[in-house]
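Text of structure22.txt, listed as compact mmCIF, C-alpha atoms:
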# COMPACT_ATOMS: atom_id res chain seq x y z
CA GLU A 1 103.74 116.81 133.25
CA LEU A 2 100.72 118.57 131.82
CA PRO A 3 98.05 119.80 134.26
CA ILE A 4 95.36 117.58 132.78
CA ALA A 5 91.91 117.65 134.36
CA PHE A 6 90.41 114.51 135.87
CA SER A 7 86.79 113.52 136.24
CA GLY A 8 85.29 113.16 139.70
CA GLY A 9 83.71 110.12 141.37
CA TYR A 10 85.20 106.87 142.60
CA SER A 11 87.23 106.19 139.47
CA PRO A 12 88.72 109.48 138.18
CA HIS A 13 90.07 109.46 134.65
CA MET A 14 91.79 111.99 132.41
CA ILE A 15 89.29 114.15 130.52
CA MET A 16 90.37 113.43 126.95
CA SER A 17 88.94 111.88 123.81
CA PHE A 18 90.03 110.89 120.32
CA ALA A 19 88.34 112.16 117.16
CA ALA A 20 87.08 109.21 115.09
CA PRO A 21 89.52 106.46 116.11
CA LEU A 22 91.00 104.62 113.12
CA GLY A 23 89.61 101.34 111.88
CA VAL A 24 91.82 98.26 112.04
CA GLY A 25 94.42 98.23 109.27
CA VAL A 26 93.97 101.90 108.30
CA THR A 27 97.03 104.15 108.49
CA SER A 28 96.92 107.89 108.96
CA THR A 29 98.84 111.13 108.67
CA GLY A 30 96.26 113.32 110.43
CA GLU A 31 94.88 112.32 113.81
CA TYR A 32 93.35 114.44 116.58
CA PHE A 33 92.65 114.12 120.28
CA ASP A 34 91.54 116.65 122.82
CA MET A 35 92.17 117.03 126.53
CA GLU A 36 91.07 119.42 129.24
CA LEU A 37 93.73 121.24 131.26
CA THR A 38 93.39 122.93 134.63
CA ALA A 39 95.76 125.76 133.62
CA THR A 40 96.62 127.58 130.40
CA ILE A 41 99.87 126.38 128.83
CA PRO A 42 101.45 127.80 125.64
CA THR A 43 100.51 125.51 122.78
CA ASP A 44 104.13 125.11 121.62
CA GLU A 45 105.07 123.97 125.12
CA ILE A 46 102.23 121.42 125.10
CA CYS A 47 103.70 119.91 121.92
CA GLN A 48 107.21 119.86 123.39
CA ARG A 49 106.10 118.16 126.60
CA LEU A 50 104.08 115.54 124.75
CA ASN A 51 106.80 114.80 122.20
CA SER A 52 109.44 114.40 124.91
CA GLN A 53 107.44 111.41 126.18
CA MET A 54 105.97 110.14 122.89
CA VAL A 55 106.58 106.65 121.55
CA ASP A 56 108.68 106.19 118.41
CA GLY A 57 106.78 106.86 115.21
CA ILE A 58 104.19 109.23 116.67
CA HIS A 59 104.82 112.97 116.68
CA VAL A 60 102.50 115.74 117.87
CA LEU A 61 102.46 118.39 115.14
CA SER A 62 100.41 121.12 116.79
CA ALA A 63 98.21 122.00 119.75
CA ARG A 64 95.31 124.45 119.69
CA GLN A 65 93.04 125.91 122.34
CA VAL A 66 89.36 125.48 121.56
CA GLU A 67 86.47 127.43 123.00
CA ASP A 68 84.64 126.15 126.06
CA GLY A 69 82.02 123.58 125.24
CA LYS A 70 84.02 121.93 122.46
CA ALA A 71 86.71 120.36 124.61
CA SER A 72 86.39 116.60 125.14
CA LYS A 73 83.90 116.45 122.29
CA ALA A 74 86.26 115.80 119.40
CA MET A 75 84.26 112.80 118.25
CA SER A 76 81.02 114.79 117.99
CA LEU A 77 82.71 117.49 115.90
CA VAL A 78 83.89 115.15 113.15
CA ALA A 79 81.89 115.55 109.93
CA ALA A 80 84.16 114.31 107.13
CA ALA A 81 87.54 112.79 106.39
CA ASP A 82 89.96 112.45 103.47
CA TYR A 83 91.30 109.05 102.43
CA LEU A 84 93.76 107.68 99.90
CA VAL A 85 93.21 104.16 98.56
CA GLU A 86 96.21 102.46 96.95
CA PHE A 87 96.40 99.01 95.40
CA ARG A 88 99.03 96.64 96.69
CA PRO A 89 101.60 95.37 94.15
CA GLY A 90 100.02 92.91 91.74
CA LYS A 91 96.48 93.41 93.11
CA GLU A 92 95.21 96.19 90.82
CA PRO A 93 92.47 95.01 88.39
CA GLU A 94 93.73 94.58 84.85
CA ILE A 95 90.62 95.99 83.17
CA SER A 96 90.19 99.74 82.66
CA TRP A 97 88.65 101.38 85.73
CA LYS A 98 90.35 104.77 86.19
CA ASP A 99 88.08 106.60 83.77
CA LYS A 100 84.91 105.18 85.34
CA ILE A 101 84.90 107.10 88.65
CA SER A 102 82.94 110.06 87.25
CA ASP A 103 80.30 107.70 85.83
CA PHE A 104 80.03 105.99 89.19
CA LEU A 105 79.46 109.34 90.93
CA ALA A 106 77.00 110.46 88.24
CA GLN A 107 74.46 107.93 89.53
CA PRO A 108 71.55 109.59 91.37
CA GLU A 109 71.71 106.82 94.00
CA ILE A 110 74.31 104.31 95.13
CA LYS A 111 72.49 101.69 97.16
CA VAL A 112 74.32 99.31 99.50
CA MET A 113 73.33 96.87 102.20
CA LYS A 114 74.57 98.14 105.53
CA LYS A 115 74.90 95.65 108.37
CA THR A 116 74.18 96.70 111.93
CA LYS A 117 74.46 94.57 115.05
CA ARG A 118 70.77 93.67 114.80
CA SER A 119 69.86 93.78 111.13
CA GLU A 120 70.65 94.68 107.56
CA LYS A 121 69.16 97.62 105.69
CA GLU A 122 69.58 99.21 102.29
CA ILE A 123 70.92 102.76 102.29
CA ASP A 124 71.95 105.30 99.67
CA ILE A 125 75.58 106.32 100.22
CA ARG A 126 75.77 108.76 97.30
CA PRO A 127 75.01 111.85 99.50
CA PHE A 128 77.89 110.85 101.80
CA ILE A 129 80.56 110.74 99.06
CA TYR A 130 81.62 114.38 98.98
CA LYS A 131 84.52 113.81 96.59
CA MET A 132 86.06 110.87 94.76
CA GLU A 133 88.75 111.24 92.13
CA LEU A 134 91.89 109.70 90.74
CA GLN A 135 95.23 110.97 92.03
CA GLY A 136 97.91 109.23 90.01
CA ASP A 137 97.23 105.53 90.51
CA LYS A 138 95.40 106.15 93.80
CA ILE A 139 91.79 106.94 94.62
CA PHE A 140 91.21 110.06 96.71
CA MET A 141 87.95 110.28 98.66
CA MET A 142 86.33 112.78 100.98
CA LEU A 143 83.60 110.94 102.87
CA ALA A 144 81.05 111.69 105.57
CA SER A 145 82.40 110.69 108.99
CA ALA A 146 79.80 111.86 111.51
CA SER A 147 78.41 109.12 113.73
CA ALA A 148 75.04 109.36 111.97
CA ASN A 149 76.40 108.96 108.41
CA TYR A 150 79.86 107.43 108.86
CA THR A 151 80.90 106.00 105.50
CA LYS A 152 83.80 103.58 105.33
CA PRO A 153 86.30 104.04 102.49
CA GLU A 154 86.44 100.28 101.98
CA LEU A 155 82.64 100.21 101.50
CA VAL A 156 82.86 102.88 98.79
CA THR A 157 85.85 101.19 97.12
CA ASP A 158 84.27 97.73 97.10
CA THR A 159 80.93 99.15 95.87
CA PHE A 160 82.67 100.97 93.02
CA PHE A 161 84.47 97.87 91.79
CA SER A 162 81.39 95.71 92.31
CA TRP A 163 79.50 98.20 90.10
CA LEU A 164 82.19 97.56 87.47
CA GLY A 165 81.64 93.81 87.83
CA ILE A 166 84.98 93.27 89.56
CA GLU A 167 85.35 91.28 92.76
CA LEU A 168 88.57 92.38 94.41
CA PRO A 169 90.75 89.82 96.21
CA GLU A 170 91.23 90.12 99.95
CA PHE A 171 93.67 92.82 101.05
CA ALA A 172 93.86 94.19 97.49
CA TYR A 173 94.42 97.75 98.67
CA SER A 174 95.59 99.84 101.58
CA ILE A 175 93.82 102.88 103.06
CA LYS A 176 95.42 105.98 104.52
CA ARG A 177 93.42 108.69 106.29
CA LEU A 178 94.83 112.11 105.45
CA GLU A 179 92.71 114.64 107.35
CA VAL A 180 89.63 115.02 109.55
CA TYR A 181 87.12 117.87 109.26
CA ALA A 182 84.36 119.63 111.14
CA ASP A 183 81.45 121.25 109.28
CA LYS A 184 80.81 124.93 109.91
CA GLY A 185 78.15 125.10 107.19
CA THR A 186 74.62 123.74 106.90
CA GLU A 187 73.09 120.48 105.65
CA GLU A 188 72.39 122.21 102.34
CA GLU A 189 75.80 123.83 102.00
CA HIS A 190 78.76 122.23 103.75
CA LYS A 191 81.74 124.28 104.87
CA PHE A 192 84.43 121.85 105.95
CA VAL A 193 87.36 123.02 108.08
CA THR A 194 90.10 120.95 109.67
CA LEU A 195 89.72 120.28 113.37
CA GLU A 196 92.99 122.17 113.83
CA ALA A 197 91.35 125.29 112.34
CA LEU A 198 88.70 125.28 115.08
CA GLY A 199 91.27 126.36 117.67
CA GLU A 200 93.93 128.98 118.15
CA GLU A 201 97.53 129.08 119.27
CA VAL A 202 98.37 130.28 122.78
CA GLU A 203 101.70 131.97 123.44

Could you take the file, read its structure, and then write that structure out as structure tokens?
Amino acid sequence: ELPIAFSGGYSPHMIMSFAAPLGVGVTSTGEYFDMELTATIPTDEICQRLNSQMVDGIHVLSARQVEDGKASKAMSLVAAADYLVEFRPGKEPEISWKDKISDFLAQPEIKVMKKTKRSEKEIDIRPFIYKMELQGDKIFMMLASASANYTKPELVTDTFFSWLGIELPEFAYSIKRLEVYADKGTEEEHKFVTLEALGEEVE
């Protein structure tokens, strides 16, 4: 029972969009969607109304009002995302790899073949790996996620282990997305903020 806005025309639909929908098989603890309302509702009440109707296992944590012009454009705001890569039991390589991440990142270029619908081309993904480090037995990554430079965590993971001369078995690891960011900086100097931080609470 939220006063959600609808588009016009012969086939009206709710004005809403999801920020960077998850890939198949990727879990997440930080997802965003936006919607346009025809009236101002307190953000806490928006959460309550949504959660009263939400399916089991999904819980709305917060709602924020964003300035005009950014609503229904969540996808275009996404610039980066955090991921956690964890090996499944018995699938972790037996050779030493945990101390090699810094050497991998120290390369001036990390070239991969990227497949598109029409062709294949070689690209350098090093500029799109903003952070990659070990957290316990897991690999933490902050990767570019804009539509122009979207970098898949599985591509980075597979490239890293391929660089080590290791071919991982299928389904060797799981991926969890932790957070999604917008960039309030410049191309030369990024300033990442969570999508939640772009908005404000309404009482």

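The coordinates place CA of Tyr130 in chain A at 12.6 Å from CA of Glu188 in chain A.
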
Using all atoms listed in the file, give me every residue within 12 Å of (81.5, 107.1, 86.8) in file coordinates, as an NGL selection string. :A and (97-108 or 110 or 132-134 or 160-161 or 163-164)

Export, as a PDB file, in the coordinates of the input, the selected residues with C-alpha atoms.
ATOM      1  CA  TRP A  97      88.650 101.380  85.730  1.00  0.00           C
ATOM      2  CA  LYS A  98      90.350 104.770  86.190  1.00  0.00           C
ATOM      3  CA  ASP A  99      88.080 106.600  83.770  1.00  0.00           C
ATOM      4  CA  LYS A 100      84.910 105.180  85.340  1.00  0.00           C
ATOM      5  CA  ILE A 101      84.900 107.100  88.650  1.00  0.00           C
ATOM      6  CA  SER A 102      82.940 110.060  87.250  1.00  0.00           C
ATOM      7  CA  ASP A 103      80.300 107.700  85.830  1.00  0.00           C
ATOM      8  CA  PHE A 104      80.030 105.990  89.190  1.00  0.00           C
ATOM      9  CA  LEU A 105      79.460 109.340  90.930  1.00  0.00           C
ATOM     10  CA  ALA A 106      77.000 110.460  88.240  1.00  0.00           C
ATOM     11  CA  GLN A 107      74.460 107.930  89.530  1.00  0.00           C
ATOM     12  CA  PRO A 108      71.550 109.590  91.370  1.00  0.00           C
ATOM     13  CA  ILE A 110      74.310 104.310  95.130  1.00  0.00           C
ATOM     14  CA  MET A 132      86.060 110.870  94.760  1.00  0.00           C
ATOM     15  CA  GLU A 133      88.750 111.240  92.130  1.00  0.00           C
ATOM     16  CA  LEU A 134      91.890 109.700  90.740  1.00  0.00           C
ATOM     17  CA  PHE A 160      82.670 100.970  93.020  1.00  0.00           C
ATOM     18  CA  PHE A 161      84.470  97.870  91.790  1.00  0.00           C
ATOM     19  CA  TRP A 163      79.500  98.200  90.100  1.00  0.00           C
ATOM     20  CA  LEU A 164      82.190  97.560  87.470  1.00  0.00           C
TER      21      LEU A 164
END

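Residues with any atom within 12 Å of Arg49 in chain A, counting all atoms listed in the file and excluding same-chain neighbours fewer than 6 positions away, are A:Glu1, A:Leu2, A:Pro3, A:Ile41, A:Pro42, A:Thr43, A:His59, A:Val60, A:Ser62, A:Ala63.
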
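When only C-alpha atoms are used to measure the gap to Gly25 in chain A, the shortest distance among A:Asp56, A:Glu154, A:Glu200, A:Glu189 belongs to A:Glu154.
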
Determine the axis-aligned bounding box of all atoms of range 38-51 of chain A present in the file, pad each side by 3 Å, and express its centre and edge lengths in Å to one decimal place as AutoDock Vina command-line options.
--center_x 100.3 --center_y 121.3 --center_z 128.1 --size_x 19.8 --size_y 19.0 --size_z 19.0

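When CA of Ala146 in chain A is paired with CA of Arg177 in chain A, their separation reads 14.9 Å.
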
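Interatomic distance, CA of Gln65 in chain A against CA of Val202 in chain A: 6.9 Å.
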
Please identify all polymer residues within 10 Å of Pro153 in chain A, counting only C-alpha atoms, omitting same-chain residues fewer than 3 positions from it, and present them as a PyMOL selection string. chain A and resi 26+81-85+129+140-144+150+156-159+175-177

Requested write-out: C-alpha atoms of the selected residues, as a PDB file, in the coordinates of the input:
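The file below, selection_25.pdb, is the result:
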ATOM      1  CA  VAL A  26      93.970 101.900 108.300  1.00  0.00           C
ATOM      2  CA  ALA A  81      87.540 112.790 106.390  1.00  0.00           C
ATOM      3  CA  ASP A  82      89.960 112.450 103.470  1.00  0.00           C
ATOM      4  CA  TYR A  83      91.300 109.050 102.430  1.00  0.00           C
ATOM      5  CA  LEU A  84      93.760 107.680  99.900  1.00  0.00           C
ATOM      6  CA  VAL A  85      93.210 104.160  98.560  1.00  0.00           C
ATOM      7  CA  ILE A 129      80.560 110.740  99.060  1.00  0.00           C
ATOM      8  CA  PHE A 140      91.210 110.060  96.710  1.00  0.00           C
ATOM      9  CA  MET A 141      87.950 110.280  98.660  1.00  0.00           C
ATOM     10  CA  MET A 142      86.330 112.780 100.980  1.00  0.00           C
ATOM     11  CA  LEU A 143      83.600 110.940 102.870  1.00  0.00           C
ATOM     12  CA  ALA A 144      81.050 111.690 105.570  1.00  0.00           C
ATOM     13  CA  TYR A 150      79.860 107.430 108.860  1.00  0.00           C
ATOM     14  CA  VAL A 156      82.860 102.880  98.790  1.00  0.00           C
ATOM     15  CA  THR A 157      85.850 101.190  97.120  1.00  0.00           C
ATOM     16  CA  ASP A 158      84.270  97.730  97.100  1.00  0.00           C
ATOM     17  CA  THR A 159      80.930  99.150  95.870  1.00  0.00           C
ATOM     18  CA  ILE A 175      93.820 102.880 103.060  1.00  0.00           C
ATOM     19  CA  LYS A 176      95.420 105.980 104.520  1.00  0.00           C
ATOM     20  CA  ARG A 177      93.420 108.690 106.290  1.00  0.00           C
TER      21      ARG A 177
END

Nearest to Ser17 in chain A among A:Ser76, A:Ser174, A:Thr116, A:Thr194, with distances taken over only C-alpha atoms: which residue is it? A:Ser76

Contacts of Lys111 in chain A within 10 Å, all atoms listed in the file, excl. fewer than 4 positions in-chain, as a PyMOL selection string: chain A and resi 122-126+159

Residues from last step as file, C-alpha atoms, as a PDB file, in the frame of the given file:
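What follows is the written file part.pdb:
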ATOM      1  CA  GLU A 122      69.580  99.210 102.290  1.00  0.00           C
ATOM      2  CA  ILE A 123      70.920 102.760 102.290  1.00  0.00           C
ATOM      3  CA  ASP A 124      71.950 105.300  99.670  1.00  0.00           C
ATOM      4  CA  ILE A 125      75.580 106.320 100.220  1.00  0.00           C
ATOM      5  CA  ARG A 126      75.770 108.760  97.300  1.00  0.00           C
ATOM      6  CA  THR A 159      80.930  99.150  95.870  1.00  0.00           C
TER       7      THR A 159
END

Do a neighbour search on Arg88 in chain A at 8 Å with all atoms listed in the file, toss out local chain neighbours closer than 6 positions, and write the hits as a VMD selection string. chain A and resid 171 to 174

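Comparing A:Leu155, A:Ala19, A:Ile4, A:Val66 by their smallest distance to Ala80 in chain A, the closest is A:Ala19 (using all atoms listed in the file).
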
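Comparing A:Val24, A:Leu195, A:Ala39, A:Leu61 by their smallest distance to Ala5 in chain A, the closest is A:Ala39 (using only C-alpha atoms).
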